[in-house]
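With compact mmCIF, C-alpha atoms inside, this is target.txt:
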# COMPACT_ATOMS: atom_id res chain seq x y z
CA MET L 662 54.28 81.32 74.01
CA SER L 663 54.81 84.75 75.53
CA GLY L 664 57.75 86.15 77.40
CA LEU L 665 58.70 89.14 79.57
CA ARG L 666 60.07 92.03 77.57
CA ILE L 667 62.82 93.99 79.36
CA ASP L 668 63.81 97.44 78.17
CA GLY L 669 67.49 98.17 77.53
CA ALA L 670 68.22 100.06 80.75
CA GLU L 671 66.49 97.47 82.92
CA GLN L 672 68.24 94.64 81.13
CA ALA L 673 71.64 96.23 81.69
CA ARG L 674 70.90 96.61 85.39
CA SER L 675 69.84 92.96 85.67
CA ARG L 676 73.19 91.77 84.27
CA LEU L 677 76.22 91.32 86.46
CA ARG L 678 79.00 93.77 87.23
CA ALA L 679 82.32 92.03 87.85
CA VAL L 680 85.70 93.00 89.31
CA VAL L 681 88.79 90.91 88.53
CA VAL L 682 91.83 90.80 90.85
CA ASP L 683 94.06 88.27 89.14
CA PRO L 684 97.29 89.77 87.75
CA GLY L 685 98.73 86.35 86.91
CA ASP L 686 96.41 85.36 84.07
CA GLY L 687 97.30 88.05 81.53
CA GLY L 688 93.76 89.35 81.24
CA ALA L 689 92.26 86.01 80.12
CA LEU L 690 89.54 86.03 82.78
CA GLU L 691 88.56 89.61 81.94
CA ARG L 692 88.14 88.65 78.29
CA LEU L 693 86.03 85.60 79.16
CA LEU L 694 83.78 87.68 81.39
CA GLY L 695 83.49 90.38 78.74
CA SER L 696 82.21 87.84 76.23
CA ASN L 697 79.59 86.39 78.58
CA PRO L 698 76.07 87.74 77.81
CA ASN L 699 75.15 87.76 81.51
CA VAL L 700 77.92 90.25 82.35
CA ALA L 701 77.34 93.97 81.82
CA GLU L 702 80.64 95.41 83.13
CA VAL L 703 84.13 94.09 83.87
CA HIS L 704 86.64 96.11 85.90
CA ALA L 705 90.24 95.08 86.54
CA ALA L 706 91.75 96.05 89.90
CA ALA L 707 95.35 97.20 90.23
CA GLY L 708 96.69 93.70 90.85
CA ASP L 709 96.44 93.49 94.63
CA VAL L 710 93.91 93.58 97.46
CA MET L 711 94.38 97.27 98.14
CA GLY L 712 93.80 98.07 94.48
CA ALA L 713 90.54 96.15 94.71
CA VAL L 714 89.48 97.98 97.89
CA ARG L 715 90.15 101.34 96.25
CA LEU L 716 88.22 100.29 93.13
CA LEU L 717 85.23 99.06 95.15
CA GLN L 718 84.92 102.49 96.75
CA SER L 719 83.99 103.92 93.35
CA VAL L 720 82.52 100.95 91.45
CA GLN L 721 79.56 98.88 92.57
CA ALA L 722 80.20 95.19 91.88
CA ASP L 723 78.02 92.10 92.12
CA VAL L 724 80.89 89.61 92.00
CA ILE L 725 84.65 89.68 92.54
CA PHE L 726 87.01 87.15 90.98
CA ALA L 727 90.15 87.17 93.15
CA SER L 728 93.34 85.15 92.97
CA VAL L 729 94.38 83.23 96.09
CA GLY L 730 98.02 84.17 95.41
CA LEU L 731 98.19 87.97 95.49
CA GLY L 732 101.05 88.34 98.01
CA VAL L 733 100.94 89.51 101.62
CA LEU L 734 97.19 90.09 101.32
CA ASP L 735 95.35 87.60 99.15
CA GLY L 736 91.92 86.67 97.86
CA PHE L 737 90.98 85.16 101.23
CA ASP L 738 91.67 88.51 102.93
CA LEU L 739 89.56 90.25 100.31
CA ALA L 740 86.68 87.81 100.86
CA ARG L 741 86.73 88.64 104.58
CA ILE L 742 86.86 92.38 103.90
CA VAL L 743 83.85 92.56 101.59
CA THR L 744 81.63 90.91 104.21
CA GLN L 745 81.82 94.26 106.02
CA PHE L 746 80.21 96.13 103.09
CA ALA L 747 76.58 97.19 103.38
CA GLN L 748 75.95 95.58 99.97
CA ALA L 749 78.58 92.88 99.85
CA PRO L 750 79.50 91.48 96.41
CA MET L 751 79.81 87.74 95.91
CA VAL L 752 83.38 86.38 95.80
CA VAL L 753 84.82 83.70 93.51
CA LEU L 754 88.36 82.65 94.37
CA VAL L 755 90.68 81.72 91.50
CA ALA L 756 93.59 79.29 91.82
CA ALA L 757 95.83 77.02 89.77
CA ASP L 758 95.06 74.04 92.02
CA GLY L 759 92.38 72.93 94.47
CA SER L 760 94.52 72.75 97.62
CA ARG L 761 92.62 75.54 99.40
CA ALA L 762 89.12 74.91 98.08
CA ALA L 763 87.66 73.99 101.51
CA GLU L 764 89.07 77.17 103.03
CA ALA L 765 87.45 79.22 100.25
CA PHE L 766 83.95 78.26 101.33
CA GLU L 767 84.82 78.93 104.99
CA VAL L 768 85.37 82.61 104.14
CA GLY L 769 82.09 82.85 102.22
CA ALA L 770 83.25 82.41 98.62
CA ILE L 771 80.55 81.03 96.31
CA ASP L 772 82.98 79.14 94.08
CA TYR L 773 86.61 78.09 93.66
CA LEU L 774 87.49 78.57 89.99
CA PRO L 775 90.45 76.69 88.48
CA ARG L 776 92.94 78.61 86.36
CA PRO L 777 93.00 78.74 83.39
CA ALA L 778 89.21 79.04 83.35
CA SER L 779 87.10 77.84 80.46
CA ALA L 780 83.95 79.59 79.25
CA PRO L 781 81.65 76.72 80.40
CA ARG L 782 83.26 76.59 83.85
CA LEU L 783 83.03 80.37 84.21
CA ALA L 784 79.35 80.22 83.22
CA GLU L 785 78.84 77.71 86.03
CA SER L 786 80.33 80.17 88.52
CA LEU L 787 78.07 82.95 87.26
CA ARG L 788 74.99 80.73 87.62
CA ARG L 789 75.69 80.51 91.35
CA ILE L 790 75.02 84.24 91.73
CA PRO L 791 71.34 85.01 92.50
CA ARG L 792 69.76 86.71 89.50
CA LYS L 793 67.82 89.82 90.36
CA THR L 794 67.21 93.36 89.22
CA LEU L 795 69.94 95.39 90.82
CA PRO L 796 69.12 98.79 92.31
CA ALA L 797 71.12 101.73 91.03
CA THR L 798 72.50 102.67 94.45
CA GLU L 799 75.75 104.23 95.52
CA PRO L 800 78.59 101.97 96.66
CA ALA L 801 78.96 101.33 100.38
CA PRO L 802 81.26 103.76 102.20
CA SER L 803 84.72 102.55 103.09
CA ALA L 804 85.69 101.86 106.67
CA SER L 805 87.80 105.04 106.73
CA ALA L 806 84.85 107.14 105.56
CA VAL L 807 82.72 106.19 108.57
CA ARG L 808 85.40 106.75 111.17
CA ARG L 809 84.76 109.43 113.75
CA ILE L 810 85.84 112.90 112.59
CA PRO L 811 86.96 115.17 115.46
CA ALA L 812 85.03 118.44 115.78
CA ALA L 813 88.29 120.41 115.87
CA ASP L 814 91.93 119.49 115.31
CA GLU L 815 93.43 118.59 118.66
CA ARG L 816 96.69 120.28 119.66
CA VAL L 817 99.34 118.21 121.42
CA PRO L 818 101.62 120.08 123.88
CA VAL L 819 105.33 119.51 123.17
CA THR L 820 108.64 121.03 124.24
CA VAL L 821 111.11 122.22 121.61
CA GLY L 822 114.45 123.73 122.62
CA GLY L 823 113.22 124.31 126.16
CA MET L 824 110.12 126.17 124.96
CA ARG L 825 106.57 124.82 125.25
CA THR L 826 104.51 124.80 122.09
CA SER L 827 102.02 122.48 120.42
CA VAL L 828 101.61 120.41 117.26
CA ALA L 829 98.39 119.54 115.47
CA LEU L 830 97.40 115.90 116.07
CA SER L 831 96.36 115.63 112.41
CA ALA L 832 100.00 116.26 111.43
CA VAL L 833 101.34 113.33 113.46
CA ARG L 834 102.14 110.33 111.25
CA TRP L 835 103.73 107.78 113.58
CA LEU L 836 104.94 107.35 117.17
CA GLU L 837 108.20 105.96 118.51
CA ALA L 838 108.97 104.92 122.10
CA HIS L 839 112.36 106.26 123.18
CA ARG L 840 113.98 106.14 126.66
CA GLY L 841 110.89 106.67 128.77
CA TYR L 842 109.11 109.16 126.47
CA THR L 843 107.54 109.11 123.01
CA ARG L 844 108.63 110.81 119.83
CA LEU L 845 105.86 112.18 117.61
CA HIS L 846 106.86 112.11 113.94
CA THR L 847 105.25 114.44 111.42
CA ALA L 848 106.13 114.50 107.72
CA ASN L 849 109.15 116.75 108.37
CA ALA L 850 109.81 117.02 112.13
CA THR L 851 110.03 115.07 115.41
CA PHE L 852 108.67 116.18 118.79
CA PRO L 853 109.19 114.56 122.24
CA VAL L 854 106.19 113.96 124.52
CA ASN L 855 106.38 112.89 128.16
CA ASP L 856 103.92 110.00 127.91
CA SER L 857 104.10 106.31 127.01
CA LEU L 858 103.51 105.09 123.48
CA GLY L 859 100.81 102.69 124.67
CA ASN L 860 98.85 105.46 126.40
CA LEU L 861 99.01 107.72 123.35
CA ALA L 862 98.03 104.95 120.90
CA ARG L 863 94.97 104.10 123.03
CA ALA L 864 94.01 107.76 123.51
CA TRP L 865 94.28 108.46 119.78
CA ALA L 866 92.66 105.25 118.51
CA ASP L 867 89.59 107.16 117.29
CA ASP L 868 91.92 109.36 115.24
CA GLY L 869 93.24 106.33 113.38
CA PHE L 870 96.30 105.29 115.42
CA VAL L 871 97.15 101.65 116.10
CA GLN L 872 100.10 100.13 117.92
CA ILE L 873 102.13 97.81 115.69
CA HIS L 874 105.10 97.02 117.96
CA ARG L 875 106.15 97.72 121.54
CA SER L 876 108.20 100.63 120.15
CA TYR L 877 105.94 101.90 117.34
CA ALA L 878 102.39 103.05 116.54
CA VAL L 879 101.15 104.47 113.24
CA ARG L 880 98.30 106.46 111.80
CA LEU L 881 96.56 103.97 109.52
CA THR L 882 96.03 106.44 106.67
CA ALA L 883 99.75 107.31 106.67
CA VAL L 884 100.77 103.75 105.80
CA THR L 885 101.67 103.44 102.11
CA GLU L 886 102.95 99.87 102.00
CA LEU L 887 102.74 96.56 103.85
CA ARG L 888 105.76 94.29 103.42
CA ARG L 889 106.69 90.75 104.39
CA VAL L 890 110.18 89.27 104.50
CA ALA L 891 109.86 85.55 105.28
CA HIS L 892 107.44 85.62 108.25
CA HIS L 893 108.20 89.19 109.36
CA LEU L 894 105.76 92.02 108.60
CA SER L 895 106.58 95.72 108.35
CA VAL L 896 104.83 98.89 107.23
CA VAL L 897 106.15 101.96 105.42
CA VAL L 898 105.30 105.51 106.52
CA ASP L 899 106.91 108.48 104.75
CA GLY L 900 109.62 106.21 103.37
CA ARG L 901 110.50 104.78 106.79
CA GLU L 902 110.08 101.03 107.28
CA LEU L 903 108.70 100.10 110.71
CA PRO L 904 108.50 96.54 112.08
CA VAL L 905 105.19 94.88 113.00
CA SER L 906 105.48 92.38 115.85
CA ARG L 907 103.73 89.01 115.81
CA ARG L 908 101.54 90.14 118.71
CA PHE L 909 99.94 92.87 116.57
CA GLY L 910 100.35 91.30 113.11
CA GLN L 911 96.84 89.97 112.42
CA GLN L 912 95.10 93.05 113.83
CA VAL L 913 97.32 95.39 111.81
CA ARG L 914 96.67 93.50 108.56
CA HIS L 915 92.90 93.63 108.98
CA LEU L 916 92.79 97.29 110.07
CA LEU L 917 95.03 98.43 107.24
CA VAL L 918 93.03 96.58 104.63
CA ALA L 919 89.72 97.94 105.92
CA GLY L 920 90.75 101.55 106.18
CA ALA L 921 93.91 102.60 104.36
CA PRO L 922 94.76 102.96 100.65
CA MET L 923 98.21 101.43 100.32
CA ARG L 924 100.28 98.88 98.46
CA ALA L 925 100.87 95.40 99.80
CA ARG L 926 103.75 93.34 98.53
CA ARG L 927 105.81 90.29 99.40
CA VAL L 928 109.55 90.91 99.72
CA MET L 929 111.47 87.69 99.25
CA ALA L 930 114.18 86.97 101.77
CA ALA L 931 117.72 87.04 100.43
If you took the structure in this file and wrote it as structure tokens, what would it be?
Amino acid sequence: MSGLRIDGAEQARSRLRAVVVDPGDGGALERLLGSNPNVAEVHAAAGDVMGAVRLLQSVQADVIFASVGLGVLDGFDLARIVTQFAQAPMVVLVAADGSRAAEAFEVGAIDYLPRPASAPRLAESLRRIPRKTLPATEPAPSASAVRRIPAADERVPVTVGGMRTSVALSAVRWLEAHRGYTRLHTANATFPVNDSLGNLARAWADDGFVQIHRSYAVRLTAVTELRRVAHHLSVVVDGRELPVSRRFGQQVRHLLVAGAPMRARRVMAA
């Protein structure tokens, strides 16, 4: 009986590369994956969806094991996000019970793994991933990397102390509606502009601005944190917490996840 001989480099490329986003299991899943002969690499994300998104911009993965209970953004959000990648990794959702198993397959997950996982059950999940020789290609670009880049930094005319001047659009971090005009906030200054917040957010959408509330719009890349208190969302820009209204909530969550490195956390109501 003869078999196919695979050289070391080719064999390594044919094995799976895994990312784990499950801070609640104390590293048990990483250790199980590391001991499986069909797994070549195991990478642990920073414990939340945004940590996984950042990691996937530098590491090419074939499968992601993500907890369904990560906080404001969870494994279901991550499963939806990776479908946008040019070379989308498979997703296995991990949970302590089976209450959301049907929903897992609706978002494209290939398995719903119970926690704590056993080696035989993990092997079953891995067998669901198509085996193939994986090309040594670069990871897909992030959504923020493919956004339009203006040819030159736009200048926005403003009035300061009765004198007309301008501020670079790239320096503007968030917008605030105030008594019939809009305040432009940079990292260290505020400038009034005689235009509505809605008009400015629409005009600057290609530069990364999105309206989050009738009184606020933000530059996506300036957001450092997404918070939830009970059912109320907010974002943090330069240490300032800004509310997200229900009208814009779902759109803001998806846009932030796709394009901005930030932290997402659940803040429990008092």
Which residues are near range 764-773 of chain L? Cut-off 12 Å, all atoms listed in the file, ignore same chain within fewer than 3 positions. Put them as number ranges by chain.
L: 724-729, 735-744, 749-761, 776, 778, 782-791
Fewer than 2 positions away in the same chain doesn't count, so skip those; otherwise give me all residues within 7 Å of range 680-693 of chain L, counting all atoms listed in the file, as a list in words.
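The neighbour list is Gly695, Ser696, Asn697, Val703, His704, Ala705, Ala706, Gly708, Asp709, Ala713, Ala722, Val724, Ile725, Phe726, Ala727, Ser728 and Ala780 of chain L.
CA of Pro818 in chain L is found 24.1 Å from CA of His874 in chain L.
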Would you mind reading off the distance between CA of Ile873 in chain L and CA of Gly910 in chain L, one decimal, in Å?
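Straight-line distance from CA of Ile873 in chain L to CA of Gly910 in chain L works out to 7.2 Å.
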Pairwise distance for CA of Asp899 in chain L and CA of Ala832 in chain L, rounded to one decimal in Å:
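Between CA of Asp899 in chain L and CA of Ala832 in chain L the gap is 12.4 Å.
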Give me the residues near Val913 in chain L as a ChimeraX atom specification, where near means some atom within 9 Å (using only C-alpha atoms) and where sequence neighbours in that chain fewer than 2 positions away do not count.
/L:871-873,881,905,909-911,915-918
Pick from L:Ala701, L:Leu830, L:Met711, L:Leu694: nearest to Val884 in chain L, with all atoms listed in the file counted?
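Closest candidate: L:Met711.
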From the options L:Val700, L:Ala850, L:Leu903, L:Leu717, which residue's atoms come nearest to Val821 in chain L, counting all atoms listed in the file?
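Ranking L:Val700, L:Ala850, L:Leu903, L:Leu717 by distance to Val821 in chain L, first place goes to L:Ala850.
Compared by their closest atoms to Tyr842 in chain L, and using all atoms listed in the file, the residues L:Arg914, L:Pro777, L:Asn860, L:Ala829 rank with L:Asn860 nearest.
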